[in-house]
Amino acid sequence: MGGTLDTGTTASHGDEDGLDPRAAARLLTQTQLRARRELDFRSPGLSLLAAAAALIAFGSVWLSVRGQHPYKWPTPAGLAGLYVVIAIRIGSVLYAHHRAQAGVSGRSVRRHQAEGAALAVALIVVYLFMIALASAGASNGVVYGVYVATATLIVLGTFGAAHAAARENWQELGISIAVMIVATAAAFAGPRGVWLADGVGLCAVLIALSAFQAWRLVAAGPDA
Amino acid sequence: MTRPGLDPVIHVPARLEIVATLAALPEGDALSFTRLQDLIELTPGNLITHLRKLEDVDYVTIEKSGSGPASRTSVALTHRGRAALDFYTETLRGLLDGLQSNGDRG
């Protein structure tokens, strides 16, 4: 698009009358869509990968606990599956974010850093509170099952919802609320079922997000 | 009826692309000269020419930091530039509506 424009000619001549209104509108729309796509790391593909990651991560923990009677805790193999997938997911998001934000500086970059630090502290607190629950005598099913799976997702959902509301990003707000609903509903499935319900629920929410993002790209036109 | 014309500073392909690209950033953010060049696909000379015209009317700010090979030039859309793009978009929409209704009548 940009490459086909004879910008050199228009710059060196009477460049004030180079566009008719329809061409200007088309160029403006295409430029806005391209800029948004290049500067925003979110994409249907990344959301689809997140859906698969959620299913694999929570599914591996569920496989490790489904036969436990009484419930003890996720086995090291189950936790390894969970944390490897989470690490890959975080790495892919950071890579995509780094690529999209290359060359960008200013207020939003500092805000993202502060938000990242706040989220990290919130997640650490979830795990510290898990230790407090265990010391207070709560059962393994509550501490290492229902609580840790639910609280982590509620923290992530609350953080996402606050972030989205501040920017009036209604799509992100809807997804964040859906994550909190999935987490709360999954808690009713008990210490074993919570992992499966979270995995399936999150997978469904993220597939819906991916489909919505793809639909928006298609609706924006073939040049988007 | 008189309709305000399209802003001649923005109504040029390269400058329209520059302003629309910078407007995609949140207010208060800046883009490096090289990233802007990559996004718009202009030569450095061409880009700086258009940026100076935009800077002359206070639509963008150009800041250089550091020195030597580590120097970095950042470009940001000013509040005035963002308002000018909004007004340009509104005017363009009005013109297109006018063309559409003329076409329907014809």
# chains A, B, ... in the order shown; residues from 1 in each chain; ligands from 1

call {"tool": "residues_around", "arguments": {"residues": "Ala102 (chain A)", "least_positions_apart": "3", "cutoff": "8 Å", "atoms": "only C-alpha atoms", "output": "ChimeraX atom specification"}}
result
/A:98-99 /B:35

call {"tool": "residues_around", "arguments": {"residues": "Ala211 (chain A)", "least_positions_apart": "5", "cutoff": "12 Å", "atoms": "only C-alpha atoms", "output": "MDAnalysis selection string"}}
result
chainID A and resid 43:48 51 204:206 216:218

call {"tool": "write_last_selection", "arguments": {"atoms": "N, CA and C atoms", "output": "PDB file, in the first residue's frame"}}
result
ATOM      1  N   SER A  43      -3.413 -11.027  18.323  1.00  0.00           N
ATOM      2  CA  SER A  43      -3.838 -11.521  17.012  1.00  0.00           C
ATOM      3  C   SER A  43      -4.671 -12.778  17.207  1.00  0.00           C
ATOM      4  N   PRO A  44      -5.470 -13.159  16.194  1.00  0.00           N
ATOM      5  CA  PRO A  44      -6.264 -14.388  16.308  1.00  0.00           C
ATOM      6  C   PRO A  44      -5.368 -15.608  16.531  1.00  0.00           C
ATOM      7  N   GLY A  45      -4.218 -15.640  15.881  1.00  0.00           N
ATOM      8  CA  GLY A  45      -3.307 -16.780  16.019  1.00  0.00           C
ATOM      9  C   GLY A  45      -2.797 -16.922  17.443  1.00  0.00           C
ATOM     10  N   LEU A  46      -2.434 -15.783  18.046  1.00  0.00           N
ATOM     11  CA  LEU A  46      -1.905 -15.809  19.418  1.00  0.00           C
ATOM     12  C   LEU A  46      -2.997 -16.243  20.408  1.00  0.00           C
ATOM     13  N   SER A  47      -4.229 -15.815  20.150  1.00  0.00           N
ATOM     14  CA  SER A  47      -5.341 -16.215  21.024  1.00  0.00           C
ATOM     15  C   SER A  47      -5.628 -17.705  20.893  1.00  0.00           C
ATOM     16  N   LEU A  48      -5.512 -18.224  19.668  1.00  0.00           N
ATOM     17  CA  LEU A  48      -5.730 -19.653  19.450  1.00  0.00           C
ATOM     18  C   LEU A  48      -4.648 -20.473  20.157  1.00  0.00           C
ATOM     19  N   ALA A  51      -5.481 -20.603  23.730  1.00  0.00           N
ATOM     20  CA  ALA A  51      -6.558 -21.574  24.003  1.00  0.00           C
ATOM     21  C   ALA A  51      -5.968 -22.979  24.142  1.00  0.00           C
ATOM     22  N   ALA A 204     -12.498 -22.464  25.633  1.00  0.00           N
ATOM     23  CA  ALA A 204     -13.682 -21.986  24.898  1.00  0.00           C
ATOM     24  C   ALA A 204     -13.690 -20.456  24.806  1.00  0.00           C
ATOM     25  N   VAL A 205     -13.364 -19.784  25.926  1.00  0.00           N
ATOM     26  CA  VAL A 205     -13.354 -18.312  25.936  1.00  0.00           C
ATOM     27  C   VAL A 205     -12.305 -17.785  24.945  1.00  0.00           C
ATOM     28  N   LEU A 206     -11.132 -18.405  24.936  1.00  0.00           N
ATOM     29  CA  LEU A 206     -10.051 -17.914  24.074  1.00  0.00           C
ATOM     30  C   LEU A 206     -10.306 -18.242  22.594  1.00  0.00           C
ATOM     31  N   ARG A 216     -13.177  -9.514  12.963  1.00  0.00           N
ATOM     32  CA  ARG A 216     -12.916  -8.073  12.855  1.00  0.00           C
ATOM     33  C   ARG A 216     -11.941  -7.766  11.728  1.00  0.00           C
ATOM     34  N   LEU A 217     -10.923  -8.632  11.576  1.00  0.00           N
ATOM     35  CA  LEU A 217      -9.939  -8.432  10.515  1.00  0.00           C
ATOM     36  C   LEU A 217     -10.595  -8.594   9.144  1.00  0.00           C
ATOM     37  N   VAL A 218     -11.444  -9.617   9.022  1.00  0.00           N
ATOM     38  CA  VAL A 218     -12.122  -9.863   7.740  1.00  0.00           C
ATOM     39  C   VAL A 218     -13.079  -8.712   7.439  1.00  0.00           C
TER      40      VAL A 218
END

call {"tool": "closest_residue", "arguments": {"among": "B:Leu31, B:Ile62, B:Leu25, B:Val57", "to": "chain A", "atoms": "only C-alpha atoms"}}
result
B:Leu31

call {"tool": "interface_residues", "arguments": {"of": "chain B", "to": "chain A", "cutoff": "6 Å", "atoms": "only C-alpha atoms", "output": "ChimeraX atom specification"}}
result
/B:8,12,14,17,20-21,28-32,35,40-41

call {"tool": "write_last_selection", "arguments": {"atoms": "C-alpha atoms", "output": "PDB file, in the first residue's frame"}}
result
ATOM      1  CA  PRO B   8      -3.741  21.021   3.042  1.00  0.00           C
ATOM      2  CA  VAL B  12      -0.984  14.669   1.037  1.00  0.00           C
ATOM      3  CA  ALA B  14       2.761  10.662   2.795  1.00  0.00           C
ATOM      4  CA  GLU B  17       0.056   8.171   6.432  1.00  0.00           C
ATOM      5  CA  ALA B  20      -2.632   8.337  10.856  1.00  0.00           C
ATOM      6  CA  THR B  21       0.188   6.008  11.938  1.00  0.00           C
ATOM      7  CA  GLY B  28       1.890  10.720  25.082  1.00  0.00           C
ATOM      8  CA  ASP B  29       3.766   7.997  23.180  1.00  0.00           C
ATOM      9  CA  ALA B  30       6.415   8.493  20.516  1.00  0.00           C
ATOM     10  CA  LEU B  31       7.695   6.334  17.672  1.00  0.00           C
ATOM     11  CA  SER B  32      11.317   6.068  16.585  1.00  0.00           C
ATOM     12  CA  ARG B  35      10.163   2.301  12.950  1.00  0.00           C
ATOM     13  CA  ILE B  40       5.340   3.980   5.995  1.00  0.00           C
ATOM     14  CA  GLU B  41       7.998   2.792   3.539  1.00  0.00           C
TER      15      GLU B  41
END

call {"tool": "residues_around", "arguments": {"residues": "region 65-67 of chain A", "least_positions_apart": "6", "cutoff": "8 Å", "atoms": "only C-alpha atoms", "output": "short mmCIF file (atom, residue, chain, number, x, y, z; two decimals) with C-alpha atoms, in the first residue's frame"}}
result
data_model
loop_
_atom_site.label_atom_id
_atom_site.label_comp_id
_atom_site.auth_asym_id
_atom_site.auth_seq_id
_atom_site.Cartn_x
_atom_site.Cartn_y
_atom_site.Cartn_z
CA TRP A 73 -1.92 -32.36 45.25
CA PRO A 74 -0.87 -32.16 41.59
CA THR A 75 2.06 -34.52 40.90
CA ARG A 192 -10.16 -32.57 40.83
CA GLY A 193 -12.79 -31.26 38.43
#

call {"tool": "select_by_dssp", "arguments": {"residues": "chain B", "states": "strand (DSSP E)", "output": "PDB file with C-alpha atoms, in the first residue's frame"}}
result
ATOM      1  CA  ASP B  29       3.766   7.997  23.180  1.00  0.00           C
ATOM      2  CA  ALA B  30       6.415   8.493  20.516  1.00  0.00           C
ATOM      3  CA  LEU B  31       7.695   6.334  17.672  1.00  0.00           C
ATOM      4  CA  SER B  32      11.317   6.068  16.585  1.00  0.00           C
ATOM      5  CA  VAL B  60       4.288  16.594  15.440  1.00  0.00           C
ATOM      6  CA  THR B  61       7.286  16.953  17.724  1.00  0.00           C
ATOM      7  CA  ILE B  62      10.671  15.550  16.777  1.00  0.00           C
ATOM      8  CA  GLU B  63      13.097  14.799  19.596  1.00  0.00           C
ATOM      9  CA  LYS B  64      16.649  13.613  19.287  1.00  0.00           C
ATOM     10  CA  SER B  65      18.305  11.923  22.246  1.00  0.00           C
ATOM     11  CA  ARG B  72      17.723   8.142  18.537  1.00  0.00           C
ATOM     12  CA  THR B  73      15.115  10.327  16.925  1.00  0.00           C
ATOM     13  CA  SER B  74      11.539  10.032  18.160  1.00  0.00           C
ATOM     14  CA  VAL B  75       8.424  11.449  16.579  1.00  0.00           C
ATOM     15  CA  ALA B  76       5.154  12.082  18.413  1.00  0.00           C
ATOM     16  CA  LEU B  77       1.806  13.471  17.369  1.00  0.00           C
TER      17      LEU B  77
END

call {"tool": "residues_around", "arguments": {"residues": "region 121-125 of chain A", "least_positions_apart": "4", "cutoff": "12 Å", "atoms": "only C-alpha atoms", "output": "PyMOL selection string"}}
result
chain A and resi 114-117+129-132+148-159

call {"tool": "atom_distance", "arguments": {"atom1": "CA of Leu16 (chain B)", "atom2": "CA of Arg110 (chain A)"}}
result
28.2 Å

call {"tool": "atom_distance", "arguments": {"atom1": "CA of Arg80 (chain B)", "atom2": "CA of Asp58 (chain B)"}}
result
6.9 Å

call {"tool": "residues_around", "arguments": {"residues": "Val19 (chain B)", "least_positions_apart": "3", "cutoff": "8 Å", "atoms": "only C-alpha atoms", "output": "list in words"}}
result
Ile10, Arg15, Leu16, Leu22, Ala23, Leu77, Gly81, Arg82 and Leu85 of chain B

call {"tool": "residues_around", "arguments": {"residues": "Gln171 (chain A)", "least_positions_apart": "6", "cutoff": "10 Å", "atoms": "only C-alpha atoms", "output": "list in words"}}
result
Ala161, Ala164, Ala165, Leu209, Phe212 and Gln213 of chain A

call {"tool": "write_last_selection", "arguments": {"atoms": "C-alpha atoms", "output": "PDB file, in the first residue's frame"}}
result
ATOM      1  CA  ALA A 161     -10.921  -6.134  33.544  1.00  0.00           C
ATOM      2  CA  ALA A 164      -9.625  -2.921  29.860  1.00  0.00           C
ATOM      3  CA  ALA A 165     -12.062  -0.600  31.640  1.00  0.00           C
ATOM      4  CA  LEU A 209     -11.834 -14.327  21.334  1.00  0.00           C
ATOM      5  CA  PHE A 212     -13.975 -12.446  17.137  1.00  0.00           C
ATOM      6  CA  GLN A 213     -10.526 -11.021  16.315  1.00  0.00           C
TER       7      GLN A 213
END

call {"tool": "residues_around", "arguments": {"residues": "Gly5 (chain B)", "least_positions_apart": "4", "cutoff": "9 Å", "atoms": "only C-alpha atoms", "output": "PyMOL selection string"}}
result
chain B and resi 88+91-92

call {"tool": "closest_residue", "arguments": {"among": "A:Ile56, A:Ala214, A:Ala166, A:Leu128", "to": "Val143 (chain A)", "atoms": "only C-alpha atoms"}}
result
A:Leu128

call {"tool": "closest_residue", "arguments": {"among": "B:His11, B:Gly68, B:Leu39, B:Asp56", "to": "Ala24 (chain B)", "atoms": "only C-alpha atoms"}}
result
B:Leu39

call {"tool": "atom_distance", "arguments": {"atom1": "CA of Ser135 (chain A)", "atom2": "CA of Leu63 (chain A)"}}
result
26.6 Å
